[in-house]
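Listing of data-v8.cif, mmCIF, C-alpha atoms
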data_coords
#
loop_
_atom_site.label_atom_id
_atom_site.label_comp_id
_atom_site.auth_asym_id
_atom_site.auth_seq_id
_atom_site.Cartn_x
_atom_site.Cartn_y
_atom_site.Cartn_z
CA MET A 142 -13.01 -46.62 29.42
CA LYS A 143 -15.15 -44.60 27.09
CA GLU A 144 -13.47 -42.44 24.51
CA GLN A 145 -14.13 -38.77 25.10
CA PRO A 146 -15.15 -36.68 22.06
CA LYS A 147 -12.55 -34.13 21.06
CA ALA A 148 -13.20 -30.59 22.10
CA ALA A 149 -13.81 -28.00 19.43
CA HIS A 150 -10.59 -26.17 20.29
CA ASP A 151 -8.53 -29.34 19.70
CA GLN A 152 -9.64 -29.70 16.09
CA PRO A 153 -7.66 -27.87 13.41
CA ARG A 154 -9.28 -24.86 11.87
CA SER A 155 -9.90 -24.71 8.15
CA GLN A 156 -7.31 -22.79 6.21
CA GLY A 157 -9.36 -20.05 4.54
CA GLY A 158 -12.98 -20.56 3.73
CA GLY A 159 -14.92 -19.29 0.76
CA LYS A 160 -16.12 -16.16 2.53
CA SER A 161 -12.72 -15.22 3.95
CA ASP A 162 -11.02 -15.49 0.54
CA GLY A 163 -13.15 -12.66 -0.81
CA MET A 164 -12.60 -10.61 2.32
CA ASP A 165 -8.84 -11.11 2.12
CA LEU A 166 -8.84 -10.05 -1.52
CA GLY A 167 -10.91 -6.97 -0.78
CA ILE A 168 -8.65 -5.91 2.07
CA ARG A 169 -5.58 -6.42 -0.09
CA VAL A 170 -7.07 -4.29 -2.89
CA LEU A 171 -8.02 -1.56 -0.43
CA SER A 172 -4.54 -1.60 1.08
CA TYR A 173 -2.97 -1.07 -2.36
CA LEU A 174 -5.19 1.96 -2.93
CA ILE A 175 -4.54 3.47 0.47
CA SER A 176 -0.79 2.84 0.39
CA GLY A 177 -0.47 4.38 -3.08
CA VAL A 178 -2.28 7.53 -2.01
CA LEU A 179 -0.30 7.78 1.24
CA MET A 180 3.12 7.17 -0.30
CA TYR A 181 2.75 9.51 -3.26
CA GLY A 182 0.91 12.05 -1.11
CA LEU A 183 3.83 12.00 1.31
CA LEU A 184 6.27 12.48 -1.55
CA GLY A 185 4.17 15.38 -2.85
CA TRP A 186 4.03 16.93 0.62
CA LEU A 187 7.81 16.61 1.01
CA GLY A 188 8.29 18.14 -2.43
CA ASP A 189 6.02 21.04 -1.49
CA ARG A 190 7.97 21.64 1.73
CA TYR A 191 11.32 21.44 -0.04
CA PHE A 192 10.46 23.57 -3.08
CA GLY A 193 7.99 25.90 -1.35
CA THR A 194 5.14 25.07 -3.73
CA ARG A 195 1.51 24.10 -3.15
CA PHE A 196 0.65 21.90 -6.14
CA LEU A 197 2.75 18.78 -5.60
CA LEU A 198 0.61 17.33 -2.78
CA PRO A 199 -2.60 17.10 -4.87
CA ILE A 200 -0.60 15.79 -7.82
CA GLY A 201 0.99 13.17 -5.55
CA ILE A 202 -2.39 12.07 -4.18
CA VAL A 203 -3.92 11.70 -7.65
CA ALA A 204 -0.80 9.96 -8.97
CA GLY A 205 -0.83 7.59 -5.98
CA ALA A 206 -4.47 6.69 -6.57
CA ALA A 207 -3.79 6.12 -10.27
CA PHE A 208 -0.74 3.99 -9.52
CA GLY A 209 -2.71 2.01 -6.94
CA VAL A 210 -5.44 1.28 -9.49
CA TYR A 211 -2.79 0.29 -12.03
CA VAL A 212 -1.19 -2.16 -9.59
CA ILE A 213 -4.59 -3.62 -8.69
CA ILE A 214 -5.52 -4.15 -12.34
CA ARG A 215 -2.11 -5.59 -13.11
CA ARG A 216 -2.16 -8.00 -10.16
CA PHE A 217 -5.85 -8.92 -9.79
CA GLY A 218 -7.34 -8.04 -13.18
CA ARG A 219 -7.15 -11.51 -14.72
CA ILE A 220 -10.53 -12.91 -15.72
CA GLU A 221 -11.15 -16.56 -14.94
CA ASP A 222 -11.65 -18.89 -17.91
CA THR A 223 -14.58 -20.54 -16.15
CA ALA A 224 -16.92 -17.69 -17.06
CA PRO A 225 -19.63 -18.82 -19.51
CA VAL A 226 -19.09 -17.78 -23.09
CA ALA A 227 -21.99 -16.19 -24.94
CA GLY A 228 -23.57 -18.58 -27.43
CA ALA A 229 -22.16 -21.74 -25.86
CA LYS A 230 -24.81 -24.39 -25.17
CA ASN A 231 -22.96 -26.72 -22.83
CA ARG A 232 -19.64 -27.15 -21.07
CA SER A 233 -17.84 -28.75 -24.04
CA ASP A 234 -18.83 -25.88 -26.33
CA GLN A 235 -17.54 -23.38 -23.77
CA ALA A 236 -14.16 -25.10 -23.63
CA THR A 237 -13.91 -25.10 -27.43
CA VAL A 238 -14.77 -21.42 -27.71
CA THR A 239 -12.36 -20.56 -24.89
CA GLU A 240 -9.51 -22.43 -26.58
CA HIS A 241 -10.03 -20.51 -29.81
CA ARG A 242 -10.07 -17.23 -27.94
CA HIS A 243 -6.70 -17.98 -26.38
CA GLU A 244 -5.18 -18.98 -29.71
CA ALA A 245 -6.16 -15.63 -31.18
CA GLU A 246 -4.23 -13.77 -28.47
#
Step by step, read the file and then write its structure as structure tokens.
Amino acid sequence: MKEQPKAAHDQPRSQGGGKSDGMDLGIRVLSYLISGVLMYGLLGWLGDRYFGTRFLLPIGIVAGAAFGVYVIIRRFGRIEDTAPVAGAKNRSDQATVTEHRHEAE
């Protein structure tokens, strides 16, 4: 008997390609921004309802956006060491310059 080729649906799918990694990261960053604004906006709205004021909702929205940006920078703000260093001629020079930069920190 001849061996039948495997169908496309029988083969395992790749676990995250190059394009989907960037999309996942972008969606995660956007979700941090939206959730910060919604959570602190909700707290501001509840504070306005409880205290009878009108200024806590805008303060909560701005604080939520600021906190969301802070969390994004804190979590995703690391710069990769593979970026080329200015003045480095080849890969070995880049590694040397990068090592010195880390020692200074």
Please measure the separation of atom CA of A:Leu198 and atom CA of A:Trp186, giving the value in Å to one decimal.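 Computed distance, atom CA of A:Leu198 to atom CA of A:Trp186, equals 4.8 Å.
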Measure the distance from atom CA of A:Asp189 to atom CA of A:Tyr211 in Å and round it to one decimal.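 These atoms are spaced 24.9 Å apart.
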One decimal, in Å: what's the spacing between atom CA of A:Tyr173 and atom CA of A:Val212?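 Interatomic distance, atom CA of A:Tyr173 to atom CA of A:Val212: 7.5 Å.
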Decode the PyMOL selection byres ((chain A and resi 176) around 12) for the given file into explicit residues and return them as a PyMOL selection string. chain A and resi 168-175+177-183+202+204-210+212-213
So, with only C-alpha atoms as the atoms that count, which of A:Gly167, A:Ser161, A:Leu184, A:Ile214 lies closest to A:Ile200? A:Leu184
Once 6 Å is added on each side, what centre and edge lengths in Å to one decimal does the axis-aligned box around all listed atoms of stretch 203-217 of chain A have, as lines of an AutoDock Vina configuration file?
center_x = -3.3
center_y = 1.4
center_z = -9.5
size_x = 17.1
size_y = 32.6
size_z = 19.1
